[in-house]
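Quick look at my_file-v6.txt (compact mmCIF, C-alpha atoms):
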```txt
# COMPACT_ATOMS: atom_id res chain seq x y z
CA MET A 22 -126.94 -46.26 98.04
CA THR A 23 -130.12 -48.21 97.27
CA ASP A 24 -133.43 -46.89 98.56
CA ARG A 25 -134.78 -49.70 100.78
CA SER A 26 -138.16 -48.06 101.41
CA HIS A 27 -139.54 -49.74 98.27
CA PRO A 28 -139.59 -53.51 98.05
CA ALA A 29 -136.82 -54.91 95.90
CA GLY A 30 -137.64 -56.77 92.71
CA LYS A 31 -138.25 -60.47 93.04
CA PRO A 32 -135.04 -62.46 92.44
CA ILE A 33 -134.81 -64.68 89.39
CA ARG A 34 -133.15 -67.94 90.41
CA THR A 35 -132.76 -69.52 86.98
CA ALA A 36 -129.91 -68.86 84.60
CA ILE A 37 -130.53 -66.96 81.40
CA THR A 38 -130.59 -69.31 78.43
CA ASP A 39 -130.49 -69.03 74.65
CA GLU A 40 -133.67 -67.00 74.51
CA ASP A 41 -134.69 -65.19 71.36
CA GLY A 42 -131.86 -66.76 69.39
CA ILE A 43 -129.17 -65.13 71.52
CA ASP A 44 -126.02 -67.24 71.38
CA PHE A 45 -124.93 -66.95 75.00
CA ALA A 46 -122.45 -69.82 74.66
CA ILE A 47 -120.38 -67.96 72.04
CA ILE A 48 -120.77 -64.66 73.89
CA GLU A 49 -119.45 -66.31 77.04
CA LEU A 50 -116.56 -67.89 75.14
CA PHE A 51 -115.63 -64.42 73.86
CA PHE A 52 -115.65 -63.06 77.42
CA PHE A 53 -113.37 -65.84 78.68
CA ALA A 54 -111.10 -65.78 75.63
CA TYR A 55 -110.71 -61.99 75.86
CA ARG A 56 -110.00 -62.20 79.59
CA ASP A 57 -107.18 -64.66 79.03
CA PHE A 58 -105.95 -63.08 75.79
CA THR A 59 -105.41 -59.78 77.61
CA SER A 60 -104.12 -61.21 80.92
CA ASP A 61 -100.45 -61.60 79.94
CA PRO A 62 -100.12 -58.11 78.43
CA ASP A 63 -102.05 -56.66 81.40
CA GLN A 64 -99.38 -58.02 83.76
CA ILE A 65 -96.58 -56.52 81.65
CA LEU A 66 -98.40 -53.19 81.30
CA SER A 67 -98.96 -52.94 85.06
CA ASP A 68 -95.17 -52.87 85.57
CA TYR A 69 -95.16 -49.60 83.60
CA GLY A 70 -98.32 -48.18 85.16
CA PHE A 71 -100.00 -48.58 81.76
CA GLY A 72 -103.35 -50.07 80.79
CA ARG A 73 -105.11 -51.51 77.77
CA ALA A 74 -105.44 -48.13 76.05
CA HIS A 75 -101.64 -47.86 76.08
CA HIS A 76 -101.46 -51.36 74.60
CA ARG A 77 -103.82 -50.48 71.75
CA VAL A 78 -101.92 -47.27 70.97
CA LEU A 79 -98.56 -49.08 71.00
CA HIS A 80 -99.97 -51.83 68.80
CA PHE A 81 -101.34 -49.58 66.07
CA VAL A 82 -98.45 -47.10 66.09
CA ASN A 83 -96.04 -50.02 65.69
CA ARG A 84 -98.14 -51.59 62.94
CA ARG A 85 -98.51 -48.27 61.10
CA PRO A 86 -95.57 -45.95 61.88
CA GLY A 87 -96.49 -42.42 60.86
CA LEU A 88 -100.15 -42.92 61.78
CA THR A 89 -101.70 -39.54 62.51
CA VAL A 90 -103.46 -38.74 65.74
CA ALA A 91 -106.71 -38.28 63.78
CA GLU A 92 -106.32 -41.72 62.16
CA LEU A 93 -105.58 -43.31 65.52
CA LEU A 94 -108.68 -41.70 67.03
CA ASP A 95 -110.72 -43.14 64.17
CA VAL A 96 -109.31 -46.65 64.67
CA LEU A 97 -109.58 -46.73 68.46
CA LYS A 98 -112.94 -44.96 68.73
CA ILE A 99 -111.90 -43.16 71.91
CA THR A 100 -112.14 -39.50 72.89
CA LYS A 101 -109.39 -36.99 72.18
CA GLN A 102 -109.09 -36.48 75.93
CA SER A 103 -108.49 -40.18 76.58
CA LEU A 104 -105.96 -40.44 73.78
CA ALA A 105 -104.18 -37.26 74.88
CA ARG A 106 -103.61 -38.70 78.36
CA VAL A 107 -102.28 -42.00 77.00
CA LEU A 108 -100.07 -40.32 74.38
CA LYS A 109 -98.65 -37.93 76.97
CA GLN A 110 -97.55 -40.92 79.06
CA LEU A 111 -96.15 -42.89 76.11
CA ILE A 112 -94.28 -39.85 74.78
CA GLY A 113 -93.07 -38.93 78.29
CA THR A 114 -91.66 -42.42 78.81
CA ASP A 115 -89.99 -42.42 75.36
CA HIS A 116 -92.14 -45.20 73.89
CA ILE A 117 -93.58 -42.98 71.12
CA VAL A 118 -92.46 -39.81 69.38
CA GLN A 119 -94.79 -37.30 67.77
CA LEU A 120 -93.66 -35.37 64.68
CA GLN A 121 -95.28 -32.70 62.55
CA GLY A 122 -96.72 -33.95 59.29
CA PRO A 123 -94.55 -33.14 56.25
CA ARG A 124 -97.44 -31.72 54.20
CA ASP A 125 -99.65 -30.31 56.95
CA ARG A 126 -97.86 -28.91 59.99
CA ARG A 127 -101.07 -29.26 62.02
CA GLN A 128 -101.02 -33.02 61.56
CA ARG A 129 -99.17 -35.01 64.19
CA GLU A 130 -97.63 -38.29 63.09
CA LEU A 131 -96.83 -40.97 65.64
CA TYR A 132 -93.80 -43.25 65.53
CA PRO A 133 -92.54 -45.90 67.93
CA THR A 134 -89.11 -45.56 69.48
CA ALA A 135 -86.84 -48.57 70.02
CA LYS A 136 -88.25 -48.73 73.55
CA GLY A 137 -91.82 -48.60 72.20
CA ARG A 138 -91.09 -51.28 69.63
CA ALA A 139 -89.59 -53.56 72.29
CA LEU A 140 -92.63 -53.13 74.55
CA ALA A 141 -95.07 -53.74 71.69
CA LEU A 142 -93.25 -56.98 70.86
CA ALA A 143 -93.17 -58.03 74.53
CA LEU A 144 -96.94 -57.51 74.69
CA ALA A 145 -97.63 -59.34 71.41
CA ARG A 146 -95.45 -62.41 72.03
CA PRO A 147 -97.62 -64.05 74.72
CA GLN A 148 -100.75 -63.26 72.70
CA SER A 149 -99.21 -64.80 69.61
CA ARG A 150 -98.22 -67.90 71.58
CA ARG A 151 -101.79 -68.17 72.91
CA ILE A 152 -103.24 -67.88 69.38
CA HIS A 153 -100.87 -70.50 67.97
CA ALA A 154 -101.59 -72.87 70.87
CA ALA A 155 -105.36 -72.39 70.46
CA LEU A 156 -105.15 -73.05 66.72
CA GLU A 157 -103.13 -76.19 67.37
CA ASP A 158 -105.28 -77.41 70.30
CA SER A 159 -108.53 -76.84 68.43
CA GLY A 160 -107.32 -78.63 65.34
CA ALA A 161 -108.17 -75.52 63.36
CA THR A 162 -106.44 -76.12 60.07
CA GLU A 163 -108.20 -73.37 58.18
CA ARG A 164 -106.69 -70.16 59.55
CA ALA A 165 -108.39 -68.14 56.80
CA LEU A 166 -111.80 -69.30 58.06
CA ILE A 167 -111.03 -67.95 61.54
CA GLU A 168 -109.74 -64.69 60.07
CA ARG A 169 -112.91 -64.31 57.97
CA PHE A 170 -115.07 -64.98 61.04
CA LEU A 171 -113.25 -62.36 63.11
CA GLU A 172 -113.33 -59.86 60.25
CA ALA A 173 -117.08 -60.46 59.91
CA MET A 174 -117.43 -59.50 63.59
CA VAL A 175 -116.21 -55.99 62.71
CA ASN A 176 -118.86 -53.49 61.63
CA PRO A 177 -118.99 -53.55 57.80
CA GLU A 178 -118.31 -49.83 57.44
CA LEU A 179 -115.15 -50.17 59.58
CA ARG A 180 -113.65 -53.25 57.91
CA ALA A 181 -111.52 -51.07 55.63
CA GLN A 182 -109.44 -50.23 58.72
CA ILE A 183 -108.33 -53.86 58.87
CA ASP A 184 -106.84 -53.70 55.38
CA ILE A 185 -104.75 -50.64 56.28
CA VAL A 186 -102.33 -52.59 58.47
CA PRO A 187 -99.37 -54.24 56.71
CA ALA A 188 -100.11 -57.49 54.91
CA LYS A 189 -99.35 -60.72 56.70
CA THR A 190 -96.00 -62.35 56.07
CA SER A 191 -97.71 -64.65 53.58
CA GLY A 192 -98.17 -61.59 51.38
CA LYS A 193 -101.93 -61.89 51.52
CA SER A 194 -103.92 -59.03 53.04
CA HIS A 195 -106.99 -59.55 55.21
CA GLY A 196 -109.24 -58.49 52.34
CA ASP A 197 -108.03 -61.34 50.09
CA HIS A 198 -110.19 -64.45 50.33
```
Let's see the structure in the file written out as structure tokens.
Amino acid sequence: MTDRSHPAGKPIRTAITDEDGIDFAIIELFFFAYRDFTSDPDQILSDYGFGRAHHRVLHFVNRRPGLTVAELLDVLKITKQSLARVLKQLIGTDHIVQLQGPRDRRQRELYPTAKGRALALALARPQSRRIHAALEDSGATERALIERFLEAMVNPELRAQIDIVPAKTSGKSHGDH
């Protein structure tokens, strides 16, 4: 509850603009694009009682079967506690299985089940349709340019994580330019 004994700050009635070189137009486009990009999967996930963390786990485990819990933590940048809760649900609902590592029994490798693969595909299909429609609607003919832009948005020291996922169907990995 706000303490009303002190006068509140004076309201600013003008919108923030591109001050100090801040590109608010692009920032805002990212907000809206992300909102809509995640809306279809969010609806599907809600039917399972899952959220976006479940989506990210399903995505990366399906893209990299055998991914270890430690590697997944590194990619997602979430706490062990958060991941443990999500993994417990995905394992309990038979979307993911966890196996001991063949070389180190302390390592836990994650694999999708048929049910987990089907859900990952159901979540990715509307996003893929949205991407293809946006590329077509925008007249973007240079897909590689968009990929380079998005890759450049990732912190330089973390870009190696992008190259770990399987190469695109064209046979070219994200690191090839």
* To do: May I ask which of the residues A:Glu178, A:Asp68, A:Asp158, A:Asp125 is the closest one to Leu140 in chain A, counting only C-alpha atoms?
  =>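 Once distances to Leu140 in chain A are computed over only C-alpha atoms, the minimum belongs to A:Asp68.
Between CA of Gly72 in chain A and CA of Val107 in chain A there is a distance of 9.0 Å.
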* Asked: With only C-alpha atoms as the atoms that count, which of A:Pro147, A:Pro177, A:Pro32, A:Gly87 lies nearest to Arg129 in chain A?
  ->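 Result for the nearest residue to Arg129 in chain A: A:Gly87.
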* To do: Would you mind telling me which residue in A:Ala135, A:Leu144, A:Ile43, A:Ile112 lies nearest to Gln64 in chain A when using all atoms listed in the file?
  => A:Leu144
* To do: May I ask which of the residues A:Gly137, A:Phe58, A:Ile152, A:His116 is the closest one to Ile167 in chain A, counting all atoms listed in the file?
  => A:Ile152
* To do: Choose the residue, out of A:Leu88, A:Ala143, A:Leu108, A:Val78, that has the smallest atom-to-atom separation from Pro62 in chain A; count all atoms listed in the file.
  =>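 Once distances to Pro62 in chain A are computed over all atoms listed in the file, the minimum belongs to A:Ala143.
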* From the list A:Ala145, A:Ala46, A:Ala105, A:Leu166, which residue is nearest Leu79 in chain A when using all atoms listed in the file? ->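 Using all atoms listed in the file, Leu79 in chain A sits closest to A:Ala145.
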* Asked: What separation in Å, quoted to one decimal, exists between CA of Arg138 in chain A and CA of Arg85 in chain A?
  -> 11.7 Å
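Interatomic distance, CA of Pro123 in chain A against CA of Leu94 in chain A: 19.7 Å.
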* Skipping near chain neighbours, those fewer than 2 positions away, what residues fall within 7 Å of Val118 in chain A using all atoms listed in the file, listed as a VMD selection string? -> chain A and resid 112 115 120 131 to 134
Please write out, as AutoDock Vina command-line options, where the centre of an axis-aligned box around all listed atoms of range 151-168 of chain A lies and how long its edges are, in Å to one decimal, after adding 3 Å on each side.
```
--center_x -106.3 --center_y -71.7 --center_z 64.9 --size_x 16.9 --size_y 19.9 --size_z 22.1
```
Missing atoms in range 174-185 of chain A: fill them in up to N, CA, C and O atoms and send the result as a PDB file, in the frame of the given file.
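The result, stored in rebuild_1.pdb:
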```
ATOM      1  N   MET A 174    -116.968 -60.056  62.310  1.00  0.00           N
ATOM      2  CA  MET A 174    -117.430 -59.500  63.590  1.00  0.00           C
ATOM      3  C   MET A 174    -117.268 -57.981  63.641  1.00  0.00           C
ATOM      4  O   MET A 174    -117.882 -57.321  64.476  1.00  0.00           O
ATOM      5  N   VAL A 175    -116.438 -57.433  62.763  1.00  0.00           N
ATOM      6  CA  VAL A 175    -116.210 -55.990  62.710  1.00  0.00           C
ATOM      7  C   VAL A 175    -117.335 -55.346  61.910  1.00  0.00           C
ATOM      8  O   VAL A 175    -117.768 -55.887  60.888  1.00  0.00           O
ATOM      9  N   ASN A 176    -117.804 -54.200  62.355  1.00  0.00           N
ATOM     10  CA  ASN A 176    -118.860 -53.490  61.630  1.00  0.00           C
ATOM     11  C   ASN A 176    -118.434 -53.314  60.171  1.00  0.00           C
ATOM     12  O   ASN A 176    -117.301 -52.912  59.902  1.00  0.00           O
ATOM     13  N   PRO A 177    -119.344 -53.606  59.224  1.00  0.00           N
ATOM     14  CA  PRO A 177    -118.990 -53.550  57.800  1.00  0.00           C
ATOM     15  C   PRO A 177    -118.340 -52.243  57.371  1.00  0.00           C
ATOM     16  O   PRO A 177    -117.372 -52.245  56.620  1.00  0.00           O
ATOM     17  N   GLU A 178    -118.850 -51.124  57.863  1.00  0.00           N
ATOM     18  CA  GLU A 178    -118.310 -49.830  57.440  1.00  0.00           C
ATOM     19  C   GLU A 178    -116.913 -49.559  58.008  1.00  0.00           C
ATOM     20  O   GLU A 178    -116.228 -48.643  57.567  1.00  0.00           O
ATOM     21  N   LEU A 179    -116.476 -50.368  58.972  1.00  0.00           N
ATOM     22  CA  LEU A 179    -115.150 -50.170  59.580  1.00  0.00           C
ATOM     23  C   LEU A 179    -114.134 -51.231  59.133  1.00  0.00           C
ATOM     24  O   LEU A 179    -112.973 -51.175  59.516  1.00  0.00           O
ATOM     25  N   ARG A 180    -114.550 -52.168  58.321  1.00  0.00           N
ATOM     26  CA  ARG A 180    -113.650 -53.250  57.910  1.00  0.00           C
ATOM     27  C   ARG A 180    -112.471 -52.753  57.081  1.00  0.00           C
ATOM     28  O   ARG A 180    -111.419 -53.378  57.059  1.00  0.00           O
ATOM     29  N   ALA A 181    -112.634 -51.623  56.417  1.00  0.00           N
ATOM     30  CA  ALA A 181    -111.520 -51.070  55.630  1.00  0.00           C
ATOM     31  C   ALA A 181    -110.325 -50.772  56.519  1.00  0.00           C
ATOM     32  O   ALA A 181    -109.184 -50.824  56.065  1.00  0.00           O
ATOM     33  N   GLN A 182    -110.551 -50.490  57.801  1.00  0.00           N
ATOM     34  CA  GLN A 182    -109.440 -50.230  58.720  1.00  0.00           C
ATOM     35  C   GLN A 182    -108.552 -51.454  58.880  1.00  0.00           C
ATOM     36  O   GLN A 182    -107.356 -51.326  59.110  1.00  0.00           O
ATOM     37  N   ILE A 183    -109.106 -52.631  58.739  1.00  0.00           N
ATOM     38  CA  ILE A 183    -108.330 -53.860  58.870  1.00  0.00           C
ATOM     39  C   ILE A 183    -107.316 -53.959  57.754  1.00  0.00           C
ATOM     40  O   ILE A 183    -106.177 -54.359  57.964  1.00  0.00           O
ATOM     41  N   ASP A 184    -107.713 -53.581  56.553  1.00  0.00           N
ATOM     42  CA  ASP A 184    -106.840 -53.700  55.380  1.00  0.00           C
ATOM     43  C   ASP A 184    -105.736 -52.662  55.343  1.00  0.00           C
ATOM     44  O   ASP A 184    -104.851 -52.739  54.505  1.00  0.00           O
ATOM     45  N   ILE A 185    -105.768 -51.692  56.257  1.00  0.00           N
ATOM     46  CA  ILE A 185    -104.750 -50.640  56.280  1.00  0.00           C
ATOM     47  C   ILE A 185    -103.446 -51.170  56.880  1.00  0.00           C
ATOM     48  O   ILE A 185    -102.375 -50.762  56.474  1.00  0.00           O
TER      49      ILE A 185
END
```
